[in-house]
Every structure is written in structure tokens, then in C-alpha cells.
file target_17.txt (compact mmCIF, C-alpha atoms)
# COMPACT_ATOMS: atom_id res chain seq x y z
CA MET A 465 -45.46 -9.95 0.68
CA PHE A 466 -42.82 -8.26 -1.37
CA GLY A 467 -43.58 -10.30 -4.48
CA ARG A 468 -47.25 -9.38 -4.58
CA ASP A 469 -46.45 -5.75 -3.95
CA SER A 470 -43.66 -5.46 -6.44
CA ASN A 471 -45.86 -3.80 -9.01
CA LYS A 472 -46.80 -0.93 -6.74
CA LYS A 473 -45.82 2.56 -7.75
CA ASP A 474 -42.78 4.44 -6.45
CA GLY A 475 -42.99 5.61 -2.89
CA GLU A 476 -45.48 2.99 -1.78
CA ARG A 477 -44.60 1.24 1.45
CA PHE A 478 -43.83 -2.44 1.63
CA GLU A 479 -44.79 -3.93 4.95
CA GLU A 480 -44.03 -7.34 6.39
CA HIS A 481 -46.13 -8.60 9.30
CA SER A 482 -44.92 -11.35 11.58
CA ASN A 483 -48.27 -13.15 11.62
CA GLU A 484 -48.40 -13.59 7.86
CA GLU A 485 -48.13 -17.04 6.42
CA SER A 486 -44.80 -17.90 4.96
CA GLY A 487 -44.60 -18.41 1.24
CA HIS A 488 -43.24 -16.86 -1.90
CA ALA A 489 -44.41 -15.27 -5.08
CA GLY A 490 -42.53 -14.14 -8.14
CA GLY A 491 -38.84 -13.68 -7.28
CA VAL A 492 -39.53 -13.12 -3.62
CA SER A 493 -39.49 -15.90 -1.08
CA ARG A 494 -39.33 -16.53 2.62
CA GLN A 495 -37.26 -19.30 4.12
CA THR A 496 -37.84 -20.68 7.61
CA ARG A 497 -34.64 -21.98 9.12
CA SER A 498 -36.12 -24.55 11.48
CA SER A 499 -39.46 -26.29 11.37
CA ASN A 500 -39.05 -27.63 14.91
CA LEU A 501 -39.40 -24.23 16.53
CA SER A 502 -42.60 -22.88 17.96
CA SER A 503 -44.68 -20.68 15.70
CA ASN A 504 -43.35 -17.39 17.01
CA GLN A 505 -39.75 -18.57 17.08
CA SER A 506 -40.08 -19.92 13.57
CA ILE A 507 -41.38 -16.63 12.24
CA SER A 508 -38.78 -14.56 14.03
CA ARG A 509 -36.01 -16.60 12.45
CA SER A 510 -37.47 -16.64 8.95
CA THR A 511 -35.76 -14.85 6.13
CA ALA A 512 -37.36 -13.10 3.20
CA MET A 513 -35.57 -12.74 -0.08
CA ILE A 514 -35.84 -10.25 -2.90
CA GLY A 515 -34.74 -12.14 -5.96
CA GLN A 516 -32.37 -11.06 -8.70
CA SER A 517 -35.05 -10.01 -11.15
CA ILE A 518 -37.02 -7.93 -8.67
CA GLN A 519 -36.84 -4.14 -8.65
CA ILE A 520 -38.35 -2.16 -5.80
CA ASN A 521 -38.76 1.57 -5.46
CA GLY A 522 -39.87 2.71 -2.04
CA THR A 523 -39.55 1.92 1.63
CA ILE A 524 -39.13 -1.63 2.90
CA THR A 525 -40.02 -2.33 6.52
CA GLY A 526 -40.62 -5.60 8.31
CA ALA A 527 -40.07 -7.96 11.21
CA GLU A 528 -38.00 -10.69 9.63
CA ASN A 529 -34.55 -10.99 8.20
CA LEU A 530 -34.12 -9.99 4.59
CA VAL A 531 -31.76 -10.89 1.77
CA ILE A 532 -31.67 -8.57 -1.23
CA GLU A 533 -30.38 -10.05 -4.47
CA GLY A 534 -32.32 -7.64 -6.67
CA THR A 535 -32.46 -3.87 -7.11
CA VAL A 536 -33.82 -1.53 -4.46
CA ASP A 537 -34.14 2.25 -4.62
CA GLY A 538 -35.50 3.97 -1.51
CA SER A 539 -34.92 2.85 2.05
CA VAL A 540 -34.83 -0.35 4.09
CA GLU A 541 -35.89 -0.22 7.73
CA LEU A 542 -35.49 -3.46 9.68
CA PRO A 543 -34.20 -2.16 13.02
CA ASP A 544 -34.49 -5.50 14.85
CA GLN A 545 -33.55 -7.82 12.00
CA ASP A 546 -30.58 -8.89 9.92
CA LEU A 547 -30.17 -7.53 6.42
CA THR A 548 -27.94 -9.04 3.77
CA ILE A 549 -27.21 -7.52 0.40
CA GLY A 550 -26.35 -10.46 -1.84
CA GLU A 551 -23.63 -10.41 -4.47
CA SER A 552 -26.12 -9.53 -7.17
CA GLY A 553 -27.88 -6.95 -5.01
CA GLN A 554 -27.78 -3.33 -6.13
CA VAL A 555 -29.16 -0.98 -3.53
CA THR A 556 -29.45 2.78 -3.66
CA ALA A 557 -30.99 3.39 -0.28
CA ASN A 558 -30.40 4.18 3.36
CA LEU A 559 -30.32 0.95 5.34
CA ASP A 560 -31.25 0.47 8.99
CA ALA A 561 -30.99 -2.99 10.56
CA LYS A 562 -29.52 -4.84 13.52
CA ASN A 563 -26.80 -6.56 11.52
CA VAL A 564 -25.99 -5.57 7.97
CA THR A 565 -23.84 -7.65 5.63
CA VAL A 566 -22.96 -6.27 2.22
CA ASN A 567 -21.82 -8.66 -0.49
CA GLY A 568 -23.10 -6.53 -3.37
CA GLN A 569 -23.33 -2.81 -4.08
CA VAL A 570 -24.79 -0.16 -1.81
CA THR A 571 -24.99 3.57 -2.37
CA GLY A 572 -26.41 5.19 0.72
CA ASP A 573 -25.99 5.39 4.45
CA ILE A 574 -25.97 2.24 6.58
CA LYS A 575 -26.97 2.08 10.22
CA GLY A 576 -26.37 -1.13 12.12
CA SER A 577 -27.35 -1.28 15.78
CA GLU A 578 -24.97 -4.21 16.32
CA LYS A 579 -22.64 -4.76 13.39
CA VAL A 580 -21.94 -3.94 9.75
CA VAL A 581 -19.79 -6.20 7.58
CA ILE A 582 -18.63 -5.39 4.07
CA SER A 583 -17.40 -8.61 2.52
CA LYS A 584 -14.67 -8.99 -0.07
CA THR A 585 -17.21 -8.60 -2.86
CA GLY A 586 -18.98 -5.67 -1.22
CA ARG A 587 -18.94 -2.13 -2.63
CA VAL A 588 -20.26 0.68 -0.48
CA LYS A 589 -20.38 4.40 -1.07
CA GLY A 590 -21.93 6.16 1.89
CA ASN A 591 -21.63 6.59 5.62
CA ILE A 592 -21.79 3.80 8.18
CA THR A 593 -22.90 4.11 11.79
CA ALA A 594 -22.43 1.02 13.94
CA PRO A 595 -20.62 -0.04 17.11
CA ARG A 596 -18.67 -2.63 15.14
CA VAL A 597 -17.67 -2.49 11.49
CA THR A 598 -15.64 -5.00 9.51
CA LEU A 599 -14.13 -4.46 6.07
CA GLU A 600 -12.95 -7.74 4.62
CA ASP A 601 -9.92 -7.82 2.35
CA GLY A 602 -11.03 -6.73 -1.09
CA ALA A 603 -14.01 -4.75 0.16
CA LYS A 604 -14.41 -1.35 -1.47
CA PHE A 605 -15.56 1.47 0.76
CA LYS A 606 -15.71 5.24 0.37
CA GLY A 607 -17.29 7.36 3.06
CA SER A 608 -17.28 7.78 6.80
CA ILE A 609 -17.55 5.19 9.54
CA ASP A 610 -18.90 6.33 12.89
CA MET A 611 -18.11 3.92 15.68
CA ASP A 612 -19.17 4.50 19.26
CA PRO A 613 -18.91 1.24 21.15
CA GLY A 614 -20.93 2.59 24.05
CA GLU A 615 -20.11 2.16 27.70
CA SER A 616 -20.93 -1.54 27.95
CA ALA A 617 -19.00 -2.61 24.90
CA ARG A 618 -15.89 -0.59 25.57
CA PRO A 619 -12.78 -2.53 26.54
CA ALA A 620 -11.58 -2.15 30.11
CA ALA A 621 -8.06 -1.26 29.09
CA LYS A 622 -6.94 1.23 26.55
CA ILE A 623 -4.70 0.22 23.70
CA ALA A 624 -1.16 -0.73 24.53
CA PRO A 625 1.81 -1.48 22.30
CA THR A 626 2.01 -5.08 21.17
CA ALA A 627 4.65 -7.30 22.68
CA ALA A 628 6.50 -7.42 19.37
CA ALA A 629 6.68 -3.66 19.30
CA LEU A 630 8.13 -3.34 22.78
CA SER A 631 11.85 -2.78 23.12
CA PRO A 632 13.89 -5.61 24.72
CA GLU A 633 14.29 -3.55 27.87
CA VAL A 634 10.58 -3.01 28.23
CA LYS A 635 9.82 -6.66 27.56
CA GLN A 636 12.30 -7.64 30.25
CA GLU A 637 10.63 -5.33 32.71
CA ALA A 638 7.25 -6.71 31.76
CA SER A 639 8.37 -10.24 32.43
CA MET B 462 1.25 13.72 -17.14
CA ALA B 463 2.05 10.66 -15.10
CA PHE B 464 -1.06 10.34 -13.02
CA ARG B 465 -1.94 6.76 -12.35
CA ARG B 466 -5.11 5.39 -10.91
CA ARG B 467 -4.52 3.01 -8.07
CA GLN B 468 -5.62 -0.55 -8.62
CA SER B 469 -6.26 0.17 -12.27
CA THR B 470 -3.94 -2.49 -13.59
CA PRO B 471 -4.04 -6.26 -13.31
CA GLU B 472 -0.68 -6.08 -11.55
CA LYS B 473 -2.12 -3.72 -8.97
CA GLN B 474 -5.13 -5.91 -8.44
CA ALA B 475 -2.87 -8.89 -7.98
CA SER B 476 -0.77 -7.00 -5.49
CA ALA B 477 -3.81 -6.19 -3.43
CA THR B 478 -4.03 -9.83 -2.47
CA SER B 479 -0.35 -10.13 -1.54
CA THR B 480 0.72 -10.33 2.06
CA PRO B 481 1.08 -6.97 3.76
CA GLN B 482 4.51 -6.06 5.05
CA ARG B 483 4.99 -4.43 8.40
CA ILE B 484 7.10 -1.30 8.62
CA GLN B 485 8.28 -0.19 12.01
CA SER B 486 7.38 3.43 12.59
CA ARG B 487 9.18 5.95 14.74
CA LEU B 488 6.55 8.65 14.59
CA LEU B 489 3.23 6.88 15.04
CA PRO B 490 3.65 6.77 18.84
CA GLN B 491 4.09 10.53 18.77
CA LEU B 492 1.14 10.96 16.43
CA PHE B 493 -1.11 9.13 18.87
CA SER B 494 0.50 10.29 22.10
CA ASP B 495 -2.59 12.17 23.24
CA ILE B 496 -5.24 9.95 21.71
CA ASP B 497 -6.53 8.71 25.07
CA GLU B 498 -7.24 12.26 26.16
CA ARG B 499 -9.68 12.90 23.35
CA GLN B 500 -13.37 12.21 23.86
CA HIS B 501 -14.28 11.87 20.22
CA ILE B 502 -11.88 11.68 17.35
CA HIS B 503 -12.33 12.22 13.65
CA VAL B 504 -9.80 10.57 11.36
CA LEU B 505 -9.45 11.41 7.68
CA ASP B 506 -7.66 8.71 5.72
CA LEU B 507 -6.93 9.68 2.13
CA GLY B 508 -6.87 6.02 1.18
CA ALA B 509 -9.57 3.44 0.61
CA GLY B 510 -11.27 1.63 3.45
CA SER B 511 -8.85 -0.51 5.40
CA ASN B 512 -9.85 -3.03 8.03
CA ALA B 513 -6.46 -2.76 9.74
CA THR B 514 -6.87 0.96 10.29
CA LEU B 515 -10.48 0.45 11.25
CA SER B 516 -9.57 -2.22 13.80
CA PHE B 517 -6.89 -0.03 15.31
CA PHE B 518 -9.30 2.80 16.01
CA GLY B 519 -12.12 0.40 16.84
CA GLN B 520 -10.34 -0.83 19.94
CA LEU B 521 -10.03 2.65 21.41
CA ASP B 522 -12.04 3.73 24.38
CA THR B 523 -13.16 6.68 22.33
CA ALA B 524 -15.99 7.38 19.96
CA THR B 525 -14.38 7.44 16.54
CA LYS B 526 -15.39 8.66 13.14
CA ILE B 527 -13.18 7.62 10.24
CA THR B 528 -13.56 9.05 6.79
CA PHE B 529 -11.96 7.10 3.97
CA ALA B 530 -11.66 9.51 1.06
CA ASP B 531 -10.27 6.97 -1.45
CA THR B 532 -8.22 9.58 -3.24
CA SER B 533 -7.30 7.12 -5.98
CA ASP B 534 -10.62 7.92 -7.63
CA LEU B 535 -9.52 11.49 -8.01
CA CYS B 536 -6.22 11.16 -9.87
CA ASP B 537 -7.75 11.04 -13.34
CA GLU B 538 -10.14 13.88 -12.58
CA LEU B 539 -7.47 16.26 -11.35
CA ALA B 540 -4.82 15.44 -13.93
CA PRO B 541 -6.21 17.63 -16.73
CA LEU B 542 -6.32 20.67 -14.46
CA THR B 543 -2.57 20.97 -14.21
CA ASP B 544 -2.22 20.51 -17.97
CA GLN B 545 -4.25 23.63 -18.60
CA ALA B 546 -2.79 27.12 -18.54
CA PRO B 547 -3.54 28.95 -16.41
CA PHE B 548 -4.02 26.33 -13.72
CA ASP B 549 -7.57 26.58 -12.36
CA PHE B 550 -6.73 26.52 -8.67
CA ILE B 551 -10.28 27.28 -7.52
CA HIS B 552 -11.65 24.38 -9.53
CA ALA B 553 -9.03 22.11 -7.98
CA VAL B 554 -10.01 23.21 -4.47
CA GLN B 555 -13.70 22.67 -5.22
CA THR B 556 -12.96 19.23 -6.64
CA TRP B 557 -11.14 18.28 -3.45
CA GLN B 558 -13.95 19.66 -1.29
CA ARG B 559 -16.53 17.65 -3.16
CA HIS B 560 -14.46 14.50 -3.10
CA LEU B 561 -13.45 14.60 0.56
CA GLY B 562 -17.11 14.68 1.53
CA LEU B 563 -16.53 16.52 4.79
CA GLN B 564 -19.36 18.41 6.43
CA PRO B 565 -18.70 22.11 7.10
CA GLN B 566 -18.55 21.49 10.85
CA ASP B 567 -16.18 18.51 10.62
CA GLN B 568 -12.89 18.99 12.43
CA ILE B 569 -10.10 16.56 11.66
CA ASP B 570 -8.01 15.27 14.55
CA TYR B 571 -5.82 12.87 12.61
CA LEU B 572 -5.02 13.09 8.91
CA LEU B 573 -3.49 9.99 7.34
CA MET B 574 -1.96 10.89 3.98
CA TRP B 575 0.36 7.92 3.46
CA ASP B 576 1.98 8.20 0.00
CA TYR B 577 -0.92 10.01 -1.68
CA LEU B 578 0.77 13.39 -2.04
CA HIS B 579 3.16 11.77 -4.52
CA TYR B 580 0.31 11.16 -6.95
CA PHE B 581 -0.22 14.88 -7.48
CA GLU B 582 1.53 17.96 -8.79
CA PRO B 583 2.49 20.58 -6.17
CA GLY B 584 -0.41 22.82 -7.25
CA ILE B 585 -2.90 20.04 -6.55
CA ILE B 586 -1.31 19.50 -3.13
CA GLU B 587 -1.77 23.18 -2.36
CA ALA B 588 -5.41 22.88 -3.44
CA LEU B 589 -5.83 19.94 -1.05
CA SER B 590 -4.32 22.00 1.73
CA THR B 591 -6.73 24.85 1.01
CA ALA B 592 -9.69 22.46 1.01
CA LEU B 593 -8.61 21.01 4.35
CA GLN B 594 -7.85 24.32 6.03
CA PRO B 595 -11.36 24.90 7.48
CA HIS B 596 -11.32 21.39 8.97
CA VAL B 597 -7.97 21.71 10.73
CA HIS B 598 -7.84 22.86 14.33
CA ARG B 599 -4.91 23.71 16.55
CA GLU B 600 -4.52 20.14 17.83
CA SER B 601 -4.85 18.45 14.45
CA ARG B 602 -2.04 16.10 13.51
CA GLY B 603 -1.06 14.51 10.25
CA TYR B 604 1.07 11.64 9.03
CA GLY B 605 2.55 10.82 5.65
CA PHE B 606 5.63 9.92 3.69
CA GLY B 607 8.07 12.08 1.78
CA SER B 608 10.91 11.25 -0.56
CA LEU B 609 14.51 11.66 0.45
CA HIS B 610 14.99 13.67 -2.74
CA SER B 611 13.15 14.21 -6.03
CA GLY B 612 15.07 11.44 -7.79
CA LYS B 613 14.11 8.76 -5.31
CA PRO B 614 10.42 7.86 -5.39
CA ILE B 615 9.10 6.13 -2.33
CA ARG B 616 7.59 2.70 -2.58
CA GLY B 617 3.94 2.85 -3.54
CA GLY B 618 1.32 0.61 -2.08
CA VAL B 619 -1.71 0.34 0.13
CA TYR B 620 -0.86 1.56 3.60
CA ALA B 621 -2.70 1.06 6.87
CA ILE B 622 -2.04 1.25 10.57
CA GLY B 623 -0.71 -2.00 11.98
CA ASP B 624 -0.57 -0.90 15.57
CA GLU B 625 0.70 2.06 17.58
CA ASN B 626 4.22 1.39 16.38
CA SER B 627 3.94 0.15 12.85
CA VAL B 628 2.22 0.55 9.51
CA THR B 629 1.36 -2.20 7.07
CA LEU B 630 2.19 -1.94 3.39
CA THR B 631 0.64 -4.07 0.68
CA PRO B 632 3.23 -3.52 -2.06
CA ASP B 633 2.30 -1.91 -5.33
CA PRO B 634 4.30 -2.64 -8.50
CA ILE B 635 3.66 0.75 -10.10
CA THR B 636 6.00 3.64 -9.61
CA LEU B 637 4.62 6.76 -8.00
CA PRO B 638 4.48 9.60 -10.54
CA HIS B 639 6.16 12.13 -8.27
CA ALA B 640 8.83 12.12 -5.60
CA HIS B 641 8.22 15.13 -3.43
CA SER B 642 10.90 16.05 -0.95
CA GLN B 643 10.09 17.27 2.54
CA GLN B 644 10.67 20.83 1.32
CA VAL B 645 8.20 20.56 -1.59
CA ILE B 646 5.56 19.15 0.74
CA ALA B 647 6.22 21.84 3.35
CA ASP B 648 5.93 24.58 0.71
CA ASN B 649 2.60 23.36 -0.65
CA PHE B 650 0.81 21.59 2.18
CA ILE B 651 0.53 24.70 4.27
CA CYS B 652 -2.53 23.98 6.42
CA MET B 653 -0.17 22.04 8.68
CA HIS B 654 3.56 22.19 9.20
CA ILE B 655 6.05 19.37 9.43
CA THR B 656 7.32 18.97 12.97
CA ARG B 657 9.40 15.84 12.54
CA GLY B 658 10.89 13.79 9.74
CA THR B 659 12.55 10.44 10.19
CA LEU B 660 14.21 8.24 7.58
CA LEU B 661 13.18 4.64 7.97
CA ARG B 662 15.21 1.62 6.98
CA GLU B 663 12.90 0.90 4.04
CA GLY B 664 13.69 4.31 2.52
CA HIS B 665 10.52 6.05 3.61
CA LEU B 666 10.85 9.53 4.97
CA GLU B 667 8.24 9.47 7.70
CA LEU B 668 6.65 12.85 8.32
CA LEU B 669 4.65 14.13 11.26
CA PHE B 670 2.48 17.21 10.77
CA GLU B 671 0.88 19.53 13.26
CA ALA B 672 -1.37 22.52 12.78
call {"tool": "encode", "arguments": {"input": "target_17.txt", "output": "C-alpha cells"}}
result
Amino acid sequence: MFGRDSNKKDGERFEEHSNEESGHAGGVSRQTRSSNLSSNQSISRSTAMIGQSIQINGTITGAENLVIEGTVDGSVELPDQDLTIGESGQVTANLDAKNVTVNGQVTGDIKGSEKVVISKTGRVKGNITAPRVTLEDGAKFKGSIDMDPGESARPAAKIAPTAAALSPEVKQEAS
Amino acid sequence: MAFRRRQSTPEKQASATSTPQRIQSRLLPQLFSDIDERQHIHVLDLGAGSNATLSFFGQLDTATKITFADTSDLCDELAPLTDQAPFDFIHAVQTWQRHLGLQPQDQIDYLLMWDYLHYFEPGIIEALSTALQPHVHRESRGYGFGSLHSGKPIRGGVYAIGDENSVTLTPDPITLPHAHSQQVIADNFICMHITRGTLLREGHLELLFEA
């Protein structure tokens, strides 16, 4: 677990295995969202947390969702999981996850295979690659955003002027 | 020197939460007239990240890369350069290159300048043009606002694309430090040339640029 490994030296790899028992140590915990699920389902939906006082240098990998409220320098690789940077989270790392939500500060590149959201409290300096990206009002972002929706996600029709933007003549024709 | 950092004042921060206004554009349709023909587009927005602009490009049937340069961070850094004599043009160009964060191979299809040129002295605008030159190709297009004349500053604010026909403006209470006419912009922003200028009802001189 992250908590037991938090004293490792820089560059050491932090691994999460899906068959580990849930629990927490130090400022790091894991929360299971539903106790009624089967064992595998329960583990796949569990969420680990790096607490505010925890500092990690190195690579984080794993097979469960992760919330970072502490400080991380290095990289985070959770390609099939959700990653959330909490409001107190300060991350200087490249991030790779299925869904990434940033409420805190990130310096580094972010790759989201499904979606990246920078909330109103989020601060990101780096490049984002994801099919869908949302910047909430108040979010601070500097860098590039690379969006390729892919064939399946692309809309059938290309953009068209909104109804409000159409001239009266055009609207009449349309009706 | 009247450089002002965007969103540096409480008033500015308060304005950022005000309701955006929609300004009908006459030139955006022309700016994007060939957008469906492009396989992959690269947009450089000199402003900070905007969800409205992001959403506009996100609905395209085209792979899109948008770079938000957040030029507001640069005002304080570039201001001292024009106070020095002689003006260190090379340093200004290098500062722009570093700040824009473009890769050497990046080619810009659409350049959104909004009101940002009015934050800088003409020499700094020329330095920006020089920094952008390697990233401009023959089909590059640009969009921004000019002043009707040097005594009439345009309205500052946070601009974004509303849709194909309009821009959104979140008003800004501070006055822009410069009011560059179309001629001043044309003389200094030389990596593109102005192909059309249209005066909008709100007093903005809308400018379309092509390489």
C-alpha cells in the first residue's frame, strides 16, 4: 500500500494489486464504495487516497481509483482507473488514467483515455490528450489540448450555425 | 509603462464570474469557412483556457489541438524590455518563443489573438510576429480586434468563441494600455496580413488575418 511504501527512496515504484486486502496506513486509505458487491466488483470500485500530509517521489501504478490530496513528484499510471487530484493535491508528474479530474494543482502532461475535467479550483500547466476535455469556469489552464474523438465518438453531422445566429430568411426557409 | 496583468485585481477577479456577453461577429464565418476540409487543425489561442472555445472545437469532426498560451502571464515580463534602450528585440522574440510553448514542427491553422495585441508596445507585437513566423503556413488564418483609432481603446475582457457566428466577452473593468489601429497592427504583425476589417456595433474593429 501507498502508506507503507511512503518512506521509500525516490524513483522506487509504488504498486497496487487488486487482490490486496483493503485498509489504510498513515495518511493513505482505501475506500470501498459498496459492501454488497462481489469481491472482484468491490475491489474494482474501491478508491485509494493519498492524504494531505503524504509526499511521494516516484511512479504510482495500480488497478484501483486514486484520489491525491498530498504531494506527488514523478508519474501516475492508472490507465484503466479514475484519478482525482483533490483541492489540496499538488502534483508535478505526468498522469495517465481513464478519467482524470483536477481540483488542485498539476504541472505535467495529462492523458485521459475517456475524459479530463479541470474544475473551477483546478490549476494545470501542461499538455492534455483526451477525447473529451472540460474546463469549468474559473479553471486555470496553460498548455495544449489534443482532442481526437475517434471515429465512433464523432458526431454524425458537422457543426452548423445555431438557430439564433441564422438570418430571418434562412430561419423561414428552415421552417 | 502601462502594462497590466490580467486578473491581477480584485475587480478583474470579480468580473471573471460575471455573465458573458455575446457579440455577433461578421468575420468568424469567414475565418472558419474551410474548417471542415481540414483533417487536423491546430489552434493557438493567446488567452487562457476557455471551455467555450474548447467546446466549439470539440464538436468538430476533426482532430483538434488547441494551445492556450495565456499571454497575461507575460505582460510583466516583457514590460521592462521596451523601457530599456536599445530595445532588445532578440530577447523579446526568445521570450515569446519560450512562452508560446510551440514545438518546432507545429503549424498553426487558426490564431486567436482577441484583444491581446493591445497589451503590448508595437515592438513587442513585432517580436510576437517573428516568433510565430516559423509556425505560420500559407493557409493559416488569424482573428483579433483593433481600435478604430489610437484614442479609442477597445473594451477589454476575456474573449472566447460562442459559436460560428459570435464571440463571448466576459467584461473587464480595466482599460487596455494601448489602442492600436489597424495600421499599427498591420505594420508590426507582419507574419500575416489583414484581409478584412469590420466595425461592430459594440465598437470593436474585427480583423481577419491570412498568411
call {"tool": "interface_residues", "arguments": {"input": "target_17.txt", "of": "chain B", "to": "chain A", "cutoff": "7 Å", "atoms": "only C-alpha atoms", "output": "VMD selection string"}}
result
chain B and resid 509 to 512 520 to 522 524 to 531 625 to 626
call {"tool": "closest_residue", "arguments": {"input": "target_17.txt", "among": "B:Ser601, B:Thr636, B:Thr629, B:Gln568", "to": "Ile615 of chain B", "atoms": "only C-alpha atoms"}}
result
B:Thr636
call {"tool": "residues_around", "arguments": {"input": "target_17.txt", "residues": "segment 547-552 of chain A", "least_positions_apart": "2", "cutoff": "10 Å", "atoms": "all atoms listed in the file", "output": "PyMOL selection string"}}
result
chain A and resi 511-517+528-535+540-545+554-555+559-570+576+580-583+585-587
call {"tool": "atom_distance", "arguments": {"input": "target_17.txt", "atom1": "atom CA of Asn558 of chain A", "atom2": "atom CA of Asp537 of chain B"}}
result
29.0 Å
call {"tool": "residues_around", "arguments": {"input": "target_17.txt", "residues": "segment 660-672 of chain B", "least_positions_apart": "2", "cutoff": "10 Å", "atoms": "all atoms listed in the file", "output": "ChimeraX atom specification"}}
result
/B:484-489,491-492,570-576,594,597-610,613-616,642-643,646-647,650-658
call {"tool": "atom_distance", "arguments": {"input": "target_17.txt", "atom1": "atom CA of Pro583 of chain B", "atom2": "atom CA of Ser533 of chain B"}}
result
16.6 Å
call {"tool": "atom_distance", "arguments": {"input": "target_17.txt", "atom1": "atom CA of Gly519 of chain B", "atom2": "atom CA of Asp497 of chain B"}}
result
13.0 Å
